[in-house]
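Visitor: Pasting in a structure now, in structure tokens, and then I'll have a few things to ask.
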Amino acid sequence: MTESPSTFLELDDSAYTRRRLDLLRTKGSDQQRAFLSQVRDSAEFLEVFADLPLRGTTSVQLSPYPMTESEYKDPPGDTEEDLYAAWSALTPSVACRCAFWAKVTLDHIRTGRIQSVYLAANGGSLPGGAERIDAALQDKTLEAPRRIDSCVRTVLRRLGGLPEVRGNRSVYVDCPFARAWWRERIVAQAAGGDDRSARHVRRVVRIHQTYWEKLVDRIVFRNSTFGSTNIRNALLRALAHFLRDNPDSDLTNYQSFQRLCRRTTAYQGTLEMSVLSDTELDDLMASVVINAAGITG
């Protein structure tokens, strides 16, 4: 049975927002330094948020196994599939809330699935969370306040998103658990139950972090064309199938993806795509993708 959105446990949104704003008030402050020291120890980190009230009654299922720092920063595709399956009862109205994902992340820390220091890590092959915190706290240069503040912001973004700085897209992009859910939701919608199609779409949404961020920005937040799920799904299927056969295409670059979205919007301006059947949309989007890739003949 699907839970009512109001029943899932989350931090009280107002109290959690005030805590975030308090931590961001002054760059390099003693409070930020103390916070980063607490991030180094999971038990101390949990105490930072222990006094915040909770809303709801039901906890979601957690990852069944501990995660390394690299697995947490960028979970493998099969891990994201498993997490999405475990959180199948979630609705978009819940999954866009940073207070909800912060509670989920804190629960993973509380049960030893992840360590709080993971939240401070930069992406890719850059230094891990512990190294980054230590370097920031030991910095005696004029850059120290900026580095400390940047590290604090990363922790808050990973915890549940930081909408004060990046808007609601921060939840979709910056929080690894939320990102896993949204990526797999988009994959599931586009694939429509076809496992082979799901594999191809999954490769598109996981090309790299910036690509995912631009994809969210273009097809979730900014472009009214993709308010139609059918149009969005057809575009992603067409792009996924094209890149399957043309893996070196420049459509793997996020600038080219933005160009593709603009071309789709231009088509919408001359053709009411929302009235087309799925088959007609698939054919149209295949043509749009080929044209955007610069392939002729």
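Scheme for the structure tokens: letters A, B, ... for chains in order shown; per-chain residue numbers from 1; ligand numbers from 1 in order shown.
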What lies within 12 Å of Leu83 in chain A using only C-alpha atoms, ignoring chain neighbours under 2 positions off, as an MDAnalysis selection string?
Guide: chainID A and resid 60:65 72 75:81 85:90 104 176:185
Visitor: Leaving out Gln268 in chain A and any residue of its chain fewer than 5 positions from it, which residues lie within 12 Å of it when counting only C-alpha atoms, given as number ranges by chain?
Guide: A: 223-228, 231, 261-263, 273-276, 281, 284-285, 288
Visitor: Please produce an output containing C-alpha atoms for each residue in the selection, written as a compact mmCIF listing (two decimals), in the first residue's frame.
Guide:
```txt
# COMPACT_ATOMS: atom_id res chain seq x y z
CA ASN A 223 10.95 24.45 -20.33
CA SER A 224 7.16 24.36 -20.54
CA THR A 225 7.43 22.04 -23.57
CA PHE A 226 8.39 19.21 -21.24
CA GLY A 227 5.46 19.78 -18.94
CA SER A 228 4.08 16.93 -21.02
CA ILE A 231 7.11 14.59 -24.88
CA CYS A 261 15.99 21.04 -26.07
CA ARG A 262 15.80 24.35 -27.93
CA ARG A 263 15.08 22.52 -31.19
CA MET A 273 3.09 17.72 -30.02
CA SER A 274 0.94 16.92 -27.00
CA VAL A 275 -1.83 15.61 -29.30
CA LEU A 276 0.47 13.15 -31.09
CA LEU A 281 6.23 11.34 -30.92
CA LEU A 284 9.39 12.96 -34.49
CA MET A 285 11.92 12.96 -31.65
CA VAL A 288 14.86 16.01 -33.97
```
Visitor: Among the residues of range 216-283 of chain A, find those DSSP assigns to alpha helix (DSSP H) from the backbone and print them as JSON, numbers by chain.
Guide: {"A": [216, 229, 230, 231, 232, 233, 234, 235, 236, 237, 238, 239, 240, 241, 242, 243, 244, 245, 254, 255, 256, 257, 258, 259, 260, 261, 262, 263, 264, 265, 266, 267, 268, 269, 270, 278, 279, 280, 281, 282, 283]}
Visitor: Nearest to Gly161 in chain A among A:Ile133, A:Cys98, A:Ala238, A:Met67, with distances taken over only C-alpha atoms: which residue is it?
Guide: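 Comparing A:Ile133, A:Cys98, A:Ala238, A:Met67 against Gly161 in chain A, the winner is A:Cys98.
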Visitor: Please measure the separation of CA of Arg132 in chain A and CA of Cys151 in chain A, giving the value in Å to one decimal.
Guide: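 Atom-to-atom, CA of Arg132 in chain A and CA of Cys151 in chain A are spaced 7.5 Å apart.
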Visitor: Taking only C-alpha atoms into account, which of A:Thr58, A:Thr210, A:Ser197, A:Gln255 comes nearest Ala240 in chain A?
Guide: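 The shortest atom-to-atom distance to Ala240 in chain A comes from A:Ser197.
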Visitor: One decimal, in Å: what's the spacing between CA of Asp149 in chain A and CA of Leu162 in chain A?
Guide: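 About the pair CA of Asp149 in chain A and CA of Leu162 in chain A: they are 13.2 Å apart.
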Visitor: What is the CA of Leu137 in chain A to CA of Arg18 in chain A distance in Å?
Guide: 24.2 Å
Visitor: In terms of the shortest atom-to-atom distance over only C-alpha atoms, which of A:Ser170, A:His200, A:Asp245, A:Gly28 is closest to Phe221 in chain A?
Guide: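 Nearest candidate to Phe221 in chain A out of A:Ser170, A:His200, A:Asp245, A:Gly28: A:Ser170.
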Visitor: Mind checking which residues fall within 12 Å of range 29-43 of chain A, counting only C-alpha atoms, ignoring those fewer than 4 positions away in the same chain, and posting them as a short mmCIF file (atom, residue, chain, number, x, y, z; two decimals) with all heavy atoms, in the first residue's frame?
Guide:
```
data_model
loop_
_atom_site.label_atom_id
_atom_site.label_comp_id
_atom_site.auth_asym_id
_atom_site.auth_seq_id
_atom_site.Cartn_x
_atom_site.Cartn_y
_atom_site.Cartn_z
N ARG A 19 18.03 26.34 10.82
CA ARG A 19 19.34 25.78 11.16
C ARG A 19 20.31 25.97 10.01
O ARG A 19 21.48 26.33 10.22
CB ARG A 19 19.18 24.30 11.52
CG ARG A 19 20.45 23.60 12.04
CD ARG A 19 20.98 24.22 13.34
NE ARG A 19 19.94 24.43 14.31
CZ ARG A 19 19.51 23.53 15.20
NH1 ARG A 19 20.03 22.32 15.20
NH2 ARG A 19 18.58 23.84 16.08
N ARG A 20 19.86 25.72 8.79
CA ARG A 20 20.74 25.93 7.63
C ARG A 20 21.15 27.39 7.50
O ARG A 20 22.34 27.70 7.30
CB ARG A 20 20.03 25.49 6.33
CG ARG A 20 19.74 24.01 6.23
CD ARG A 20 19.40 23.60 4.79
NE ARG A 20 18.32 24.38 4.21
CZ ARG A 20 17.04 24.09 4.31
NH1 ARG A 20 16.65 23.04 5.04
NH2 ARG A 20 16.11 24.83 3.73
N LEU A 21 20.19 28.30 7.59
CA LEU A 21 20.49 29.72 7.45
C LEU A 21 21.44 30.19 8.54
O LEU A 21 22.32 31.04 8.31
CB LEU A 21 19.20 30.53 7.48
CG LEU A 21 18.27 30.33 6.28
CD1 LEU A 21 16.96 31.09 6.49
CD2 LEU A 21 18.94 30.78 4.99
N ASP A 22 21.28 29.66 9.74
CA ASP A 22 22.16 30.02 10.85
C ASP A 22 23.59 29.59 10.56
O ASP A 22 24.55 30.34 10.81
CB ASP A 22 21.65 29.36 12.13
CG ASP A 22 22.33 29.91 13.38
OD1 ASP A 22 22.54 31.14 13.43
OD2 ASP A 22 22.64 29.13 14.29
N LEU A 23 23.75 28.41 9.98
CA LEU A 23 25.08 27.92 9.67
C LEU A 23 25.74 28.70 8.53
O LEU A 23 26.97 28.75 8.42
CB LEU A 23 25.01 26.43 9.30
CG LEU A 23 24.80 25.47 10.47
CD1 LEU A 23 24.41 24.08 9.95
CD2 LEU A 23 26.07 25.38 11.31
N LEU A 24 24.93 29.32 7.68
CA LEU A 24 25.46 30.04 6.52
C LEU A 24 25.63 31.53 6.76
O LEU A 24 26.07 32.26 5.88
CB LEU A 24 24.53 29.83 5.32
CG LEU A 24 24.39 28.41 4.81
CD1 LEU A 24 23.37 28.34 3.69
CD2 LEU A 24 25.73 27.86 4.32
N ARG A 25 25.30 31.99 7.97
CA ARG A 25 25.24 33.43 8.21
C ARG A 25 26.57 34.13 7.97
O ARG A 25 26.62 35.20 7.35
CB ARG A 25 24.76 33.69 9.64
CG ARG A 25 24.60 35.18 9.96
CD ARG A 25 23.88 35.41 11.27
NE ARG A 25 22.48 34.98 11.21
CZ ARG A 25 21.97 33.97 11.89
NH1 ARG A 25 22.75 33.25 12.69
NH2 ARG A 25 20.70 33.66 11.77
N GLU A 47 24.15 15.03 16.62
CA GLU A 47 23.71 15.90 17.72
C GLU A 47 23.36 17.31 17.22
O GLU A 47 22.56 18.00 17.83
CB GLU A 47 24.79 15.99 18.80
CG GLU A 47 24.89 14.76 19.67
CD GLU A 47 23.59 14.50 20.42
OE1 GLU A 47 23.05 15.45 21.02
OE2 GLU A 47 23.10 13.35 20.38
N VAL A 48 23.96 17.72 16.11
CA VAL A 48 23.68 19.05 15.56
C VAL A 48 22.20 19.20 15.23
O VAL A 48 21.61 20.29 15.37
CB VAL A 48 24.53 19.31 14.30
CG1 VAL A 48 24.16 20.64 13.65
CG2 VAL A 48 26.02 19.28 14.63
N PHE A 49 21.58 18.11 14.81
CA PHE A 49 20.18 18.16 14.36
C PHE A 49 19.23 17.40 15.28
O PHE A 49 18.04 17.29 14.99
CB PHE A 49 20.09 17.57 12.94
CG PHE A 49 20.99 18.25 11.95
CD1 PHE A 49 22.23 17.71 11.63
CD2 PHE A 49 20.61 19.46 11.36
CE1 PHE A 49 23.07 18.35 10.72
CE2 PHE A 49 21.44 20.10 10.45
CZ PHE A 49 22.67 19.54 10.13
N ALA A 50 19.76 16.91 16.40
CA ALA A 50 18.95 16.07 17.29
C ALA A 50 17.78 16.82 17.92
O ALA A 50 16.77 16.20 18.28
CB ALA A 50 19.83 15.45 18.38
N THR A 105 19.00 10.90 5.03
CA THR A 105 20.47 10.88 5.11
C THR A 105 20.92 10.72 6.56
O THR A 105 21.84 9.94 6.85
CB THR A 105 21.06 12.17 4.51
OG1 THR A 105 20.60 12.32 3.17
CG2 THR A 105 22.58 12.13 4.51
N LEU A 106 20.29 11.44 7.48
CA LEU A 106 20.65 11.30 8.89
C LEU A 106 20.41 9.88 9.39
O LEU A 106 21.20 9.35 10.19
CB LEU A 106 19.85 12.30 9.73
CG LEU A 106 20.21 13.78 9.56
CD1 LEU A 106 19.19 14.67 10.26
CD2 LEU A 106 21.62 14.06 10.08
N ASP A 107 19.35 9.25 8.92
CA ASP A 107 19.08 7.86 9.32
C ASP A 107 20.16 6.91 8.79
O ASP A 107 20.52 5.94 9.47
CB ASP A 107 17.71 7.42 8.81
CG ASP A 107 16.56 8.02 9.63
OD1 ASP A 107 16.82 8.54 10.74
OD2 ASP A 107 15.41 7.98 9.14
N HIS A 108 20.66 7.18 7.60
CA HIS A 108 21.75 6.36 7.07
C HIS A 108 23.02 6.54 7.89
O HIS A 108 23.78 5.58 8.09
CB HIS A 108 22.02 6.72 5.60
CG HIS A 108 21.10 6.03 4.64
ND1 HIS A 108 19.82 6.47 4.40
CD2 HIS A 108 21.27 4.93 3.85
CE1 HIS A 108 19.24 5.68 3.50
NE2 HIS A 108 20.10 4.73 3.16
N ILE A 109 23.26 7.74 8.38
CA ILE A 109 24.42 7.98 9.24
C ILE A 109 24.21 7.31 10.60
O ILE A 109 25.10 6.65 11.14
CB ILE A 109 24.65 9.50 9.42
CG1 ILE A 109 25.03 10.14 8.09
CG2 ILE A 109 25.74 9.76 10.47
CD1 ILE A 109 25.05 11.66 8.11
N ARG A 110 23.02 7.45 11.15
CA ARG A 110 22.70 6.89 12.47
C ARG A 110 22.87 5.38 12.50
O ARG A 110 23.28 4.80 13.51
CB ARG A 110 21.28 7.27 12.86
CG ARG A 110 20.85 6.85 14.26
CD ARG A 110 19.49 7.39 14.60
NE ARG A 110 19.51 8.86 14.68
CZ ARG A 110 18.99 9.68 13.78
NH1 ARG A 110 18.40 9.18 12.70
NH2 ARG A 110 19.08 10.98 13.93
N THR A 111 22.56 4.72 11.38
CA THR A 111 22.64 3.25 11.34
C THR A 111 23.96 2.75 10.75
O THR A 111 24.11 1.54 10.51
CB THR A 111 21.47 2.70 10.50
OG1 THR A 111 21.49 3.29 9.20
CG2 THR A 111 20.14 3.00 11.17
N GLY A 112 24.89 3.65 10.49
CA GLY A 112 26.20 3.24 10.02
C GLY A 112 26.28 2.90 8.54
O GLY A 112 27.29 2.37 8.08
N ARG A 113 25.23 3.21 7.78
CA ARG A 113 25.29 2.95 6.34
C ARG A 113 26.29 3.88 5.65
O ARG A 113 26.94 3.49 4.69
CB ARG A 113 23.91 3.13 5.69
CG ARG A 113 23.10 1.87 5.54
CD ARG A 113 22.57 1.33 6.82
NE ARG A 113 21.55 0.31 6.58
CZ ARG A 113 20.86 -0.27 7.54
NH1 ARG A 113 21.07 0.04 8.80
NH2 ARG A 113 19.94 -1.20 7.25
N ILE A 114 26.35 5.11 6.10
CA ILE A 114 27.35 6.07 5.62
C ILE A 114 27.92 6.80 6.82
O ILE A 114 27.38 6.72 7.93
CB ILE A 114 26.75 7.09 4.62
CG1 ILE A 114 25.69 7.96 5.29
CG2 ILE A 114 26.21 6.39 3.38
CD1 ILE A 114 25.18 9.11 4.43
N GLN A 115 29.01 7.52 6.60
CA GLN A 115 29.61 8.34 7.65
C GLN A 115 29.37 9.81 7.31
O GLN A 115 29.37 10.20 6.14
CB GLN A 115 31.11 8.07 7.76
CG GLN A 115 31.45 6.64 8.12
CD GLN A 115 32.94 6.39 8.14
OE1 GLN A 115 33.74 7.27 8.47
NE2 GLN A 115 33.33 5.18 7.77
N SER A 116 29.19 10.62 8.34
CA SER A 116 28.88 12.03 8.10
C SER A 116 29.96 12.73 7.31
O SER A 116 29.68 13.65 6.53
CB SER A 116 28.64 12.76 9.42
OG SER A 116 29.78 12.65 10.28
N VAL A 117 31.20 12.30 7.44
CA VAL A 117 32.30 12.97 6.75
C VAL A 117 32.17 12.84 5.24
O VAL A 117 32.71 13.67 4.48
CB VAL A 117 33.66 12.41 7.25
CG1 VAL A 117 33.92 11.02 6.70
CG2 VAL A 117 34.79 13.36 6.93
N TYR A 118 31.43 11.82 4.77
CA TYR A 118 31.23 11.68 3.33
C TYR A 118 30.56 12.92 2.73
O TYR A 118 30.76 13.23 1.56
CB TYR A 118 30.32 10.49 3.03
CG TYR A 118 30.84 9.12 3.37
CD1 TYR A 118 30.04 8.00 3.19
CD2 TYR A 118 32.13 8.92 3.86
CE1 TYR A 118 30.49 6.72 3.49
CE2 TYR A 118 32.59 7.65 4.18
CZ TYR A 118 31.76 6.55 3.99
OH TYR A 118 32.20 5.29 4.29
N LEU A 119 29.74 13.59 3.53
CA LEU A 119 28.97 14.72 3.02
C LEU A 119 29.85 15.89 2.60
O LEU A 119 29.41 16.75 1.83
CB LEU A 119 27.96 15.21 4.07
CG LEU A 119 26.62 14.47 4.15
CD1 LEU A 119 26.81 13.01 4.53
CD2 LEU A 119 25.70 15.14 5.16
N ALA A 120 31.08 15.94 3.09
CA ALA A 120 31.97 17.06 2.77
C ALA A 120 32.79 16.82 1.52
O ALA A 120 33.46 17.74 1.04
CB ALA A 120 32.91 17.32 3.95
N ALA A 121 32.70 15.63 0.96
CA ALA A 121 33.55 15.30 -0.18
C ALA A 121 33.12 16.03 -1.44
O ALA A 121 31.92 16.21 -1.69
CB ALA A 121 33.53 13.79 -0.42
N GLY A 128 38.68 13.48 -0.59
CA GLY A 128 37.53 13.04 0.17
C GLY A 128 37.13 14.03 1.24
O GLY A 128 37.80 15.06 1.47
N GLY A 129 36.04 13.71 1.95
CA GLY A 129 35.49 14.63 2.94
C GLY A 129 36.44 14.95 4.08
O GLY A 129 36.59 16.11 4.48
N ALA A 130 37.09 13.93 4.63
CA ALA A 130 37.99 14.16 5.76
C ALA A 130 39.15 15.07 5.36
O ALA A 130 39.49 16.03 6.09
CB ALA A 130 38.52 12.82 6.28
N GLU A 131 39.75 14.78 4.20
CA GLU A 131 40.87 15.60 3.74
C GLU A 131 40.43 17.04 3.49
O GLU A 131 41.16 18.00 3.82
CB GLU A 131 41.47 15.01 2.46
CG GLU A 131 42.12 13.65 2.62
CD GLU A 131 41.14 12.49 2.48
OE1 GLU A 131 39.91 12.75 2.50
OE2 GLU A 131 41.59 11.35 2.36
N ARG A 132 39.25 17.20 2.92
CA ARG A 132 38.77 18.54 2.61
C ARG A 132 38.51 19.35 3.88
O ARG A 132 38.86 20.53 3.97
CB ARG A 132 37.51 18.47 1.76
CG ARG A 132 37.09 19.82 1.22
CD ARG A 132 35.85 19.74 0.39
NE ARG A 132 35.45 21.05 -0.08
CZ ARG A 132 34.23 21.38 -0.46
NH1 ARG A 132 33.27 20.46 -0.44
NH2 ARG A 132 33.94 22.59 -0.87
N ILE A 133 37.89 18.73 4.86
CA ILE A 133 37.61 19.42 6.12
C ILE A 133 38.91 19.81 6.81
O ILE A 133 39.09 20.95 7.26
CB ILE A 133 36.76 18.54 7.05
CG1 ILE A 133 35.34 18.41 6.51
CG2 ILE A 133 36.73 19.11 8.47
CD1 ILE A 133 34.47 17.44 7.27
N ASP A 134 39.84 18.86 6.89
CA ASP A 134 41.10 19.14 7.58
C ASP A 134 41.87 20.27 6.89
O ASP A 134 42.43 21.15 7.55
CB ASP A 134 41.96 17.88 7.62
CG ASP A 134 41.37 16.81 8.53
OD1 ASP A 134 40.47 17.14 9.33
OD2 ASP A 134 41.81 15.64 8.44
N ALA A 135 41.88 20.25 5.57
CA ALA A 135 42.59 21.30 4.83
C ALA A 135 41.95 22.66 5.07
O ALA A 135 42.66 23.68 5.23
CB ALA A 135 42.59 20.98 3.34
N ALA A 136 40.61 22.71 5.11
CA ALA A 136 39.92 23.98 5.33
C ALA A 136 40.18 24.52 6.74
O ALA A 136 40.44 25.71 6.92
CB ALA A 136 38.42 23.80 5.11
N LEU A 137 40.13 23.65 7.74
CA LEU A 137 40.32 24.09 9.12
C LEU A 137 41.76 24.48 9.41
O LEU A 137 42.02 25.32 10.29
CB LEU A 137 39.89 22.98 10.09
CG LEU A 137 38.38 22.67 10.12
CD1 LEU A 137 38.09 21.51 11.06
CD2 LEU A 137 37.60 23.92 10.55
N GLN A 138 42.71 23.91 8.68
CA GLN A 138 44.12 24.22 8.90
C GLN A 138 44.61 25.41 8.08
O GLN A 138 45.71 25.91 8.30
CB GLN A 138 44.97 22.98 8.58
CG GLN A 138 44.73 21.81 9.53
CD GLN A 138 45.32 20.51 9.02
OE1 GLN A 138 46.11 20.50 8.06
NE2 GLN A 138 44.95 19.41 9.65
N ASP A 139 43.78 25.87 7.16
CA ASP A 139 44.16 26.98 6.29
C ASP A 139 44.29 28.27 7.10
O ASP A 139 43.36 28.67 7.82
CB ASP A 139 43.10 27.15 5.20
CG ASP A 139 43.53 28.11 4.10
OD1 ASP A 139 44.54 28.82 4.28
OD2 ASP A 139 42.85 28.16 3.06
N ALA A 144 40.83 31.17 3.80
CA ALA A 144 40.25 30.24 4.76
C ALA A 144 38.74 30.43 4.95
O ALA A 144 38.00 29.44 4.92
CB ALA A 144 40.97 30.36 6.10
N PRO A 145 38.24 31.65 5.16
CA PRO A 145 36.78 31.79 5.34
C PRO A 145 35.97 31.26 4.16
O PRO A 145 34.94 30.60 4.36
CB PRO A 145 36.60 33.31 5.50
CG PRO A 145 37.89 33.78 6.05
CD PRO A 145 38.93 32.94 5.36
N ARG A 146 36.44 31.51 2.94
CA ARG A 146 35.73 31.02 1.77
C ARG A 146 35.77 29.51 1.70
O ARG A 146 34.74 28.86 1.40
CB ARG A 146 36.35 31.61 0.50
CG ARG A 146 35.62 31.21 -0.78
CD ARG A 146 36.46 31.47 -2.02
NE ARG A 146 37.68 30.69 -2.02
CZ ARG A 146 37.73 29.39 -2.34
NH1 ARG A 146 36.63 28.74 -2.68
NH2 ARG A 146 38.87 28.74 -2.32
N ARG A 147 36.92 28.91 1.99
CA ARG A 147 37.03 27.46 1.92
C ARG A 147 36.16 26.78 2.97
O ARG A 147 35.52 25.76 2.71
CB ARG A 147 38.49 27.03 2.10
CG ARG A 147 39.41 27.43 0.97
CD ARG A 147 40.81 26.92 1.19
NE ARG A 147 40.89 25.47 1.10
CZ ARG A 147 42.01 24.77 1.33
NH1 ARG A 147 43.14 25.42 1.66
NH2 ARG A 147 42.03 23.46 1.23
N ILE A 148 36.13 27.36 4.15
CA ILE A 148 35.31 26.79 5.22
C ILE A 148 33.83 26.88 4.86
O ILE A 148 33.06 25.92 5.00
CB ILE A 148 35.60 27.52 6.55
CG1 ILE A 148 37.00 27.14 7.04
CG2 ILE A 148 34.55 27.19 7.61
CD1 ILE A 148 37.51 28.00 8.18
N ASP A 149 33.42 28.05 4.38
CA ASP A 149 32.02 28.24 3.99
C ASP A 149 31.64 27.29 2.86
O ASP A 149 30.55 26.70 2.86
CB ASP A 149 31.81 29.69 3.56
CG ASP A 149 30.37 29.97 3.14
OD1 ASP A 149 29.50 30.01 4.03
OD2 ASP A 149 30.13 30.15 1.95
N SER A 150 32.52 27.13 1.89
CA SER A 150 32.25 26.24 0.76
C SER A 150 32.06 24.80 1.24
O SER A 150 31.17 24.08 0.76
CB SER A 150 33.40 26.31 -0.24
OG SER A 150 33.20 25.40 -1.30
N CYS A 151 32.86 24.40 2.20
CA CYS A 151 32.76 23.05 2.74
C CYS A 151 31.45 22.86 3.50
O CYS A 151 30.80 21.82 3.37
CB CYS A 151 33.96 22.79 3.65
SG CYS A 151 34.27 21.05 3.99
N VAL A 152 31.05 23.86 4.27
CA VAL A 152 29.78 23.79 5.00
C VAL A 152 28.63 23.66 4.01
O VAL A 152 27.70 22.86 4.20
CB VAL A 152 29.60 25.04 5.88
CG1 VAL A 152 28.17 25.12 6.43
CG2 VAL A 152 30.60 25.03 7.03
N ARG A 153 28.66 24.44 2.94
CA ARG A 153 27.60 24.40 1.94
C ARG A 153 27.53 23.03 1.26
O ARG A 153 26.44 22.52 0.99
CB ARG A 153 27.82 25.49 0.89
CG ARG A 153 27.54 26.90 1.43
CD ARG A 153 28.02 27.99 0.48
NE ARG A 153 27.82 29.31 1.09
CZ ARG A 153 26.78 30.09 0.85
NH1 ARG A 153 25.83 29.71 0.02
NH2 ARG A 153 26.68 31.26 1.44
N THR A 154 28.68 22.42 1.00
CA THR A 154 28.68 21.10 0.40
C THR A 154 28.00 20.10 1.33
O THR A 154 27.19 19.27 0.88
CB THR A 154 30.12 20.63 0.10
OG1 THR A 154 30.71 21.51 -0.87
CG2 THR A 154 30.13 19.22 -0.43
N VAL A 155 28.31 20.15 2.61
CA VAL A 155 27.68 19.24 3.57
C VAL A 155 26.17 19.39 3.55
O VAL A 155 25.42 18.40 3.50
CB VAL A 155 28.22 19.49 5.00
CG1 VAL A 155 27.42 18.70 6.02
CG2 VAL A 155 29.70 19.14 5.08
N LEU A 156 25.69 20.62 3.55
CA LEU A 156 24.24 20.85 3.56
C LEU A 156 23.60 20.44 2.24
O LEU A 156 22.46 19.94 2.22
CB LEU A 156 23.95 22.32 3.86
CG LEU A 156 24.37 22.80 5.26
CD1 LEU A 156 24.12 24.30 5.41
CD2 LEU A 156 23.62 22.03 6.35
N LEU A 159 23.38 16.68 2.34
CA LEU A 159 22.46 16.23 3.38
C LEU A 159 21.03 16.16 2.87
O LEU A 159 20.32 15.17 3.10
CB LEU A 159 22.54 17.16 4.59
CG LEU A 159 21.67 16.82 5.80
CD1 LEU A 159 21.99 15.42 6.34
CD2 LEU A 159 21.87 17.88 6.90
#
```
Visitor: Identify which of the residues A:Arg196, A:Arg237, A:Arg244, A:Arg169 lies closest to Lys214 in chain A, counting only C-alpha atoms when measuring atom-to-atom distances.
Guide: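 Of A:Arg196, A:Arg237, A:Arg244, A:Arg169, the one nearest Lys214 in chain A, counting only C-alpha atoms, is A:Arg169.
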Visitor: Would you kindly return, as a JSON list (two decimals) with N, CA, C and O atoms, in the first residue's frame, each protein, DNA or RNA residue with an atom no farther than 10 Å from any atom of Ser14 in chain A, considering only C-alpha atoms and excluding same-chain residues fewer than 2 positions away?
Guide:
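Everything below was put into out.json:
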```
[["chain", "number", "residue", "atom", "x", "y", "z"],
["A", 11, "LEU", "N", 12.32, 16.09, 8.83],
["A", 11, "LEU", "CA", 12.59, 17.17, 9.78],
["A", 11, "LEU", "C", 11.55, 18.27, 9.62],
["A", 11, "LEU", "O", 11.03, 18.47, 8.51],
["A", 12, "ASP", "N", 11.23, 18.93, 10.70],
["A", 12, "ASP", "CA", 10.34, 20.08, 10.59],
["A", 12, "ASP", "C", 10.99, 21.09, 9.65],
["A", 12, "ASP", "O", 12.12, 21.54, 9.88],
["A", 16, "TYR", "N", 14.39, 23.26, 10.30],
["A", 16, "TYR", "CA", 15.56, 22.86, 9.53],
["A", 16, "TYR", "C", 16.06, 24.01, 8.67],
["A", 16, "TYR", "O", 17.28, 24.22, 8.53],
["A", 17, "THR", "N", 15.16, 24.77, 8.09],
["A", 17, "THR", "CA", 15.56, 25.92, 7.29],
["A", 17, "THR", "C", 16.30, 26.94, 8.15],
["A", 17, "THR", "O", 17.34, 27.48, 7.74],
["A", 18, "ARG", "N", 15.80, 27.20, 9.34],
["A", 18, "ARG", "CA", 16.48, 28.14, 10.24],
["A", 18, "ARG", "C", 17.87, 27.64, 10.61],
["A", 18, "ARG", "O", 18.82, 28.43, 10.69],
["A", 19, "ARG", "N", 18.03, 26.34, 10.82],
["A", 19, "ARG", "CA", 19.34, 25.78, 11.16],
["A", 19, "ARG", "C", 20.31, 25.97, 10.01],
["A", 19, "ARG", "O", 21.48, 26.33, 10.22],
["A", 52, "LEU", "N", 15.89, 19.09, 16.45],
["A", 52, "LEU", "CA", 14.89, 19.53, 15.50],
["A", 52, "LEU", "C", 13.65, 18.64, 15.58],
["A", 52, "LEU", "O", 13.76, 17.42, 15.60],
["A", 53, "PRO", "N", 12.46, 19.23, 15.62],
["A", 53, "PRO", "CA", 11.23, 18.43, 15.66],
["A", 53, "PRO", "C", 11.07, 17.62, 14.38],
["A", 53, "PRO", "O", 11.62, 17.97, 13.32],
["A", 99, "ALA", "N", 13.76, 18.64, 3.54],
["A", 99, "ALA", "CA", 13.59, 18.20, 4.93],
["A", 99, "ALA", "C", 13.38, 16.69, 5.00],
["A", 99, "ALA", "O", 13.79, 16.04, 5.97]]
```
Visitor: List as a PyMOL selection string the protein and nucleic acid residues near Asp217 in chain A, meaning an atom at most 10 Å away when only C-alpha atoms are counted, but skip any in the same chain fewer than 4 places from it.
Guide: chain A and resi 169+172-173+211-213+221-223+258
Visitor: Find the residue from A:Leu54, A:Cys175, A:Val94, A:Ile186 that sits nearest to Arg206 in chain A; use only C-alpha atoms when measuring.
Guide: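 For Arg206 in chain A, the nearest of the given residues is A:Ile186.
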Visitor: Out of A:Val220, A:Ala292, A:Val171, A:Val187, which residue has the shortest atom-to-atom distance to Leu236 in chain A when counting only C-alpha atoms?
Guide: A:Val187
